[in-house]
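Enquirer: Have a look at the structure that comes next, please.
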Amino acid sequence: MTRIITLLIFLIYIPYPSMADVNNKDLDNIVTLTKSKQYAQALERHIWFHEESKISPGMGGVRLSYAITAWINLSKSYPPALEALTNIRDNDEEILLSGKGDFENFHDFSSINKGLGEENKTYELFLILDKKYPDQSRSYYNITEDLLIAHKDYEICGKYIPDPIFRYESIKRSRESLINFAKRNPKAGDFSLEKHANDHFIDKINKLIEILVAINKIDKAKEIQKSALAYFYSDKIRDAIF
């Protein structure tokens with residue numbers, strides 16, 4: 001309850017119009033406030049941006065990456081910003097532990113932990129939710145998979161990948177979506193989206209193979225490997241099974 005009260009205190013700010021969707025310009029303005037040492041105003045706007053971006057199309061990724069990075073940068077000069085951010089994180093945790101949470105709560109929780117270098121909190125919470133609310137945890141699995149693999153919790157991974165072929169097709173579709181986006185938006189970023197799509201595909205396929213081998217589904221792992229190599233050849237995928 002104390003965390004929730006503290007969070008509500010931080011959410012008392014001068015209201016800004018919410019009729020229009022927030023966008024990258026709003027985040028740029030927050031960064032400008034930080035650079036000009038208008039720290040209280042910058043924090044006020046960070047809290048506003050975090051909430052408003054939840055209902056702004058296409059801003060989810062920005063809210064959970066660049067915006068959190070900017071927020072943490074603010075906290076280096078203005079400690080109340082760190083308290084506000086961790087209160088949001090801790091409030092998400094309380095909601096999730098109550099069984100009333102959803103994907104958005106877990107994604108917020110995970111992304112803030114990643115920004116703070118406290119990803120082990122995400123891992124530990126997932127283990128609790130896996131036992132208490134396994135049906136809900138299914139939607140959080142993809143966010144936590146890398147952490148589970150790092151801790152060699154392959155049996156838990158196997159529980160959430162009942163159909164490896166379906167998972168393979170999902171990874172494949174993800175690559176194709178990024179490739180298509182890159183073709184439609186050649187100036188989308190300073191790095192190669194196509195290279196990112198390929199690297200992501202290779203990484204996810206190899207991790208899927210790693211899980212399957214660890215839980216003694218070697219035949220299925222080889223089937224995934226064969227399909228992946230036929231679709232997109234990579235030495236790393238070829239060498240995934242010795």
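In the structure tokens, chains take the letters A, B, ... in the order shown, each chain's residues start at 1, and ligands count up from 1 in the order shown.
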Considering only C-alpha atoms, return as a list in words whatever protein or nucleic-acid residues lie within 10 Å of Leu116 (chain A), sequence-local ones (same chain, fewer than 4 positions apart) excluded.

Expert: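 The contact residues come out as Ile68, Thr69, Ile72, Leu82, Leu85, Thr86, Ser110, Ser111 and Ile112 of chain A.
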
Enquirer: Please produce a file of the residues just selected, as a JSON list (two decimals), in the first residue's frame, where the atoms kept are C-alpha atoms.

Expert:
[["chain", "number", "residue", "atom", "x", "y", "z"],
["A", 68, "ILE", "CA", 13.30, 4.79, -19.90],
["A", 69, "THR", "CA", 16.92, 5.51, -20.88],
["A", 72, "ILE", "CA", 17.42, 7.07, -15.96],
["A", 82, "LEU", "CA", 14.81, 7.27, -9.82],
["A", 85, "LEU", "CA", 10.59, 5.17, -11.86],
["A", 86, "THR", "CA", 11.15, 2.42, -9.30],
["A", 110, "SER", "CA", 10.80, -6.01, -17.30],
["A", 111, "SER", "CA", 11.85, -2.95, -19.32],
["A", 112, "ILE", "CA", 12.46, -0.80, -16.25]]

Enquirer: Which residues, written as a PDB file with N, CA and C atoms, in the first residue's frame, have at least one atom at most 8 Å from region 157-170 of chain A, with only C-alpha atoms counted and residues fewer than 3 positions away on the same chain left out?

Expert:
ATOM      1  N   ARG A 138       2.092 -17.450 -19.400  1.00  0.00           N
ATOM      2  CA  ARG A 138       2.312 -17.840 -20.788  1.00  0.00           C
ATOM      3  C   ARG A 138       2.530 -16.613 -21.681  1.00  0.00           C
ATOM      4  N   TYR A 141       6.133 -15.144 -21.249  1.00  0.00           N
ATOM      5  CA  TYR A 141       7.289 -16.020 -21.471  1.00  0.00           C
ATOM      6  C   TYR A 141       8.314 -15.436 -22.445  1.00  0.00           C
ATOM      7  N   GLU A 145      12.316 -15.322 -21.751  1.00  0.00           N
ATOM      8  CA  GLU A 145      13.015 -16.504 -22.258  1.00  0.00           C
ATOM      9  C   GLU A 145      14.532 -16.403 -22.140  1.00  0.00           C
ATOM     10  N   LEU A 148      15.656 -17.028 -18.640  1.00  0.00           N
ATOM     11  CA  LEU A 148      15.493 -18.429 -18.265  1.00  0.00           C
ATOM     12  C   LEU A 148      16.619 -19.278 -18.858  1.00  0.00           C
ATOM     13  N   ILE A 149      16.964 -18.998 -20.104  1.00  0.00           N
ATOM     14  CA  ILE A 149      18.055 -19.736 -20.749  1.00  0.00           C
ATOM     15  C   ILE A 149      19.380 -19.443 -20.041  1.00  0.00           C
ATOM     16  N   ASP A 153      17.183 -22.765 -17.055  1.00  0.00           N
ATOM     17  CA  ASP A 153      15.875 -23.295 -16.650  1.00  0.00           C
ATOM     18  C   ASP A 153      15.138 -23.832 -17.881  1.00  0.00           C
ATOM     19  N   TYR A 154      15.739 -24.845 -18.492  1.00  0.00           N
ATOM     20  CA  TYR A 154      15.217 -25.360 -19.755  1.00  0.00           C
ATOM     21  C   TYR A 154      13.866 -26.049 -19.599  1.00  0.00           C
ATOM     22  N   ARG A 173       8.184 -15.486 -39.071  1.00  0.00           N
ATOM     23  CA  ARG A 173       7.288 -14.375 -39.415  1.00  0.00           C
ATOM     24  C   ARG A 173       7.815 -13.058 -38.873  1.00  0.00           C
ATOM     25  N   SER A 174       8.416 -13.109 -37.705  1.00  0.00           N
ATOM     26  CA  SER A 174       8.977 -11.902 -37.113  1.00  0.00           C
ATOM     27  C   SER A 174      10.083 -11.325 -37.995  1.00  0.00           C
ATOM     28  N   ILE A 205      16.471 -18.750 -33.225  1.00  0.00           N
ATOM     29  CA  ILE A 205      16.478 -20.144 -33.681  1.00  0.00           C
ATOM     30  C   ILE A 205      17.469 -20.962 -32.870  1.00  0.00           C
ATOM     31  N   LEU A 208      16.090 -21.655 -29.495  1.00  0.00           N
ATOM     32  CA  LEU A 208      15.050 -22.680 -29.563  1.00  0.00           C
ATOM     33  C   LEU A 208      15.688 -24.062 -29.659  1.00  0.00           C
ATOM     34  N   ILE A 211      17.162 -25.093 -26.285  1.00  0.00           N
ATOM     35  CA  ILE A 211      16.130 -25.571 -25.353  1.00  0.00           C
ATOM     36  C   ILE A 211      15.741 -27.004 -25.688  1.00  0.00           C
ATOM     37  N   LEU A 212      15.484 -27.273 -26.968  1.00  0.00           N
ATOM     38  CA  LEU A 212      15.028 -28.596 -27.392  1.00  0.00           C
ATOM     39  C   LEU A 212      16.079 -29.668 -27.118  1.00  0.00           C
ATOM     40  N   ILE A 215      16.150 -30.462 -23.337  1.00  0.00           N
ATOM     41  CA  ILE A 215      15.031 -31.255 -22.799  1.00  0.00           C
ATOM     42  C   ILE A 215      14.856 -32.570 -23.580  1.00  0.00           C
ATOM     43  N   LYS A 220      13.385 -33.158 -32.805  1.00  0.00           N
ATOM     44  CA  LYS A 220      12.662 -31.927 -33.104  1.00  0.00           C
ATOM     45  C   LYS A 220      13.645 -30.769 -33.319  1.00  0.00           C
ATOM     46  N   ILE A 224      13.952 -28.469 -36.707  1.00  0.00           N
ATOM     47  CA  ILE A 224      13.957 -26.999 -36.705  1.00  0.00           C
ATOM     48  C   ILE A 224      15.204 -26.490 -37.418  1.00  0.00           C
TER      49      ILE A 224
END

Enquirer: Which residue, A:Arg238, A:Asp108, A:Lys121, A:Asp130, has the smallest gap to Leu64 (chain A) when you use only C-alpha atoms?

Expert: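 Between A:Arg238, A:Asp108, A:Lys121, A:Asp130, the residue approaching Leu64 (chain A) most closely is A:Asp108.
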
Enquirer: Enter the distance from CA of Leu229 (chain A) to CA of His200 (chain A), in Å, rounded to one decimal.

Expert: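 So the answer is 14.6 Å.
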
Enquirer: Dump as CSV the rows for residues of region 110-210 of chain A within 9 Å of region 88-98 of chain A: closest atom pair and distance in Å with one decimal, only C-alpha atoms counted, ordered by chain and rising residue number.

Expert:
residue,atom,partner,partner_atom,distance
A:Ser110,CA,A:Arg89,CA,8.4
A:Ile112,CA,A:Arg89,CA,6.5
A:Asn113,CA,A:Arg89,CA,7.7
A:Leu125,CA,A:Glu93,CA,7.9
A:Ile128,CA,A:Leu97,CA,8.2
A:Leu129,CA,A:Leu97,CA,7.1
A:Lys132,CA,A:Leu97,CA,8.4
A:Tyr133,CA,A:Leu97,CA,8.9

Enquirer: Considering only C-alpha atoms, return as a list in words whatever protein or nucleic-acid residues lie within 10 Å of His196 (chain A), sequence-local ones (same chain, fewer than 5 positions apart) excluded.

Expert: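 Using only C-alpha atoms, the neighbours found are Arg175, Leu178, Ile179, Phe191, Phe201 and Ile202 of chain A.
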
Enquirer: Could you take the residues named above and write them with C-alpha atoms, as a PDB file, in the first residue's frame?

Expert:
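part02.pdb was written with the following content:
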ATOM      1  CA  ARG A 175      12.009 -11.738 -39.416  1.00  0.00           C
ATOM      2  CA  LEU A 178      11.071  -6.609 -40.064  1.00  0.00           C
ATOM      3  CA  ILE A 179      12.454  -7.183 -43.553  1.00  0.00           C
ATOM      4  CA  PHE A 191      21.501   0.888 -38.497  1.00  0.00           C
ATOM      5  CA  PHE A 201      16.332 -14.745 -36.392  1.00  0.00           C
ATOM      6  CA  ILE A 202      19.631 -16.586 -35.926  1.00  0.00           C
TER       7      ILE A 202
END

Enquirer: List every residue of region 13-162 of chain A that DSSP, applied to the backbone, labels as helix (DSSP H, G or I), and write the result as a ChimeraX atom specification.

Expert: /A:24-35,39-55,60-63,66-77,79-97,103-116,119-132,134-150,154-159

Enquirer: Let me see the file: selected residues, C-alpha atoms, as a short mmCIF file (atom, residue, chain, number, x, y, z; two decimals), in the first residue's frame.

Expert:
data_model
loop_
_atom_site.label_atom_id
_atom_site.label_comp_id
_atom_site.auth_asym_id
_atom_site.auth_seq_id
_atom_site.Cartn_x
_atom_site.Cartn_y
_atom_site.Cartn_z
CA ASN A 24 8.93 11.40 -30.39
CA LYS A 25 8.88 15.20 -30.27
CA ASP A 26 7.41 15.03 -26.78
CA LEU A 27 10.31 12.87 -25.67
CA ASP A 28 12.78 15.27 -27.32
CA ASN A 29 11.22 18.09 -25.30
CA ILE A 30 11.73 16.10 -22.10
CA VAL A 31 15.41 15.57 -22.96
CA THR A 32 15.71 19.31 -23.58
CA LEU A 33 14.24 20.03 -20.15
CA THR A 34 16.82 17.71 -18.59
CA LYS A 35 19.70 19.33 -20.45
CA TYR A 39 14.64 18.56 -13.55
CA ALA A 40 11.28 18.73 -11.78
CA GLN A 41 9.52 19.63 -15.01
CA ALA A 42 11.35 16.87 -16.86
CA LEU A 43 10.20 14.30 -14.29
CA GLU A 44 6.66 15.62 -14.47
CA ARG A 45 6.69 15.14 -18.22
CA HIS A 46 8.29 11.69 -18.01
CA ILE A 47 5.43 10.47 -15.84
CA TRP A 48 2.91 12.04 -18.23
CA PHE A 49 4.65 10.55 -21.28
CA HIS A 50 4.83 7.10 -19.72
CA GLU A 51 1.08 7.00 -19.12
CA GLU A 52 -0.10 8.73 -22.30
CA SER A 53 2.14 6.65 -24.57
CA LYS A 54 0.26 3.53 -23.46
CA ILE A 55 -2.67 4.63 -25.61
CA GLY A 60 5.04 1.30 -26.94
CA GLY A 61 8.58 0.56 -28.03
CA VAL A 62 9.68 4.14 -27.42
CA ARG A 63 8.12 4.18 -23.94
CA TYR A 66 14.40 5.39 -25.27
CA ALA A 67 12.05 6.99 -22.75
CA ILE A 68 13.30 4.79 -19.90
CA THR A 69 16.92 5.51 -20.88
CA ALA A 70 16.18 9.23 -20.83
CA TRP A 71 14.43 8.86 -17.47
CA ILE A 72 17.42 7.07 -15.96
CA ASN A 73 19.73 9.77 -17.34
CA LEU A 74 17.58 12.34 -15.56
CA SER A 75 17.85 10.38 -12.31
CA LYS A 76 21.65 10.72 -12.35
CA SER A 77 21.22 14.43 -11.71
CA PRO A 79 17.36 11.41 -7.51
CA PRO A 80 13.56 11.85 -7.19
CA ALA A 81 13.35 10.64 -10.80
CA LEU A 82 14.81 7.27 -9.82
CA GLU A 83 12.35 6.98 -6.95
CA ALA A 84 9.44 7.74 -9.30
CA LEU A 85 10.59 5.17 -11.86
CA THR A 86 11.15 2.42 -9.30
CA ASN A 87 7.76 3.15 -7.76
CA ILE A 88 6.12 2.53 -11.12
CA ARG A 89 8.12 -0.69 -11.42
CA ASP A 90 7.22 -1.81 -7.89
CA ASN A 91 3.56 -0.98 -8.40
CA ASP A 92 3.53 -3.19 -11.50
CA GLU A 93 5.05 -5.97 -9.41
CA GLU A 94 2.33 -5.68 -6.76
CA ILE A 95 -0.39 -5.83 -9.41
CA LEU A 96 1.19 -8.88 -11.03
CA LEU A 97 1.58 -10.68 -7.71
CA PHE A 103 1.17 -8.19 -20.38
CA GLU A 104 1.54 -4.41 -20.18
CA ASN A 105 2.35 -4.57 -16.47
CA PHE A 106 4.95 -7.28 -16.99
CA HIS A 107 6.49 -5.56 -20.01
CA ASP A 108 6.80 -2.30 -18.04
CA PHE A 109 8.31 -4.17 -15.10
CA SER A 110 10.80 -6.01 -17.30
CA SER A 111 11.85 -2.95 -19.32
CA ILE A 112 12.46 -0.80 -16.25
CA ASN A 113 14.51 -3.58 -14.68
CA LYS A 114 16.56 -3.88 -17.85
CA GLY A 115 17.23 -0.15 -17.87
CA LEU A 116 18.28 -0.25 -14.22
CA GLU A 119 16.98 -8.00 -14.73
CA ASN A 120 17.25 -10.65 -12.04
CA LYS A 121 14.10 -9.14 -10.51
CA THR A 122 12.26 -10.01 -13.72
CA TYR A 123 13.56 -13.56 -13.61
CA GLU A 124 12.61 -14.01 -9.95
CA LEU A 125 9.12 -12.61 -10.46
CA PHE A 126 8.50 -14.87 -13.45
CA LEU A 127 9.39 -17.92 -11.37
CA ILE A 128 6.79 -16.88 -8.80
CA LEU A 129 4.14 -16.15 -11.43
CA ASP A 130 4.90 -19.43 -13.18
CA LYS A 131 3.82 -21.25 -10.02
CA LYS A 132 0.92 -19.00 -9.02
CA PRO A 134 0.81 -20.25 -15.13
CA ASP A 135 -1.92 -19.28 -17.60
CA GLN A 136 -1.05 -15.60 -17.27
CA SER A 137 2.67 -16.35 -17.34
CA ARG A 138 2.31 -17.84 -20.79
CA SER A 139 1.93 -14.35 -22.24
CA TYR A 140 5.05 -13.17 -20.36
CA TYR A 141 7.29 -16.02 -21.47
CA ASN A 142 8.80 -14.44 -24.60
CA ILE A 143 9.96 -11.47 -22.54
CA THR A 144 11.66 -13.75 -20.01
CA GLU A 145 13.01 -16.50 -22.26
CA ASP A 146 16.57 -15.16 -22.50
CA LEU A 147 16.79 -14.89 -18.70
CA LEU A 148 15.49 -18.43 -18.26
CA ILE A 149 18.06 -19.74 -20.75
CA ALA A 150 20.83 -17.80 -19.00
CA TYR A 154 15.22 -25.36 -19.75
CA GLU A 155 12.37 -27.37 -18.26
CA ILE A 156 10.38 -24.20 -17.66
CA CYS A 157 11.14 -23.08 -21.21
CA GLY A 158 9.93 -26.42 -22.54
CA LYS A 159 6.64 -25.97 -20.69
#
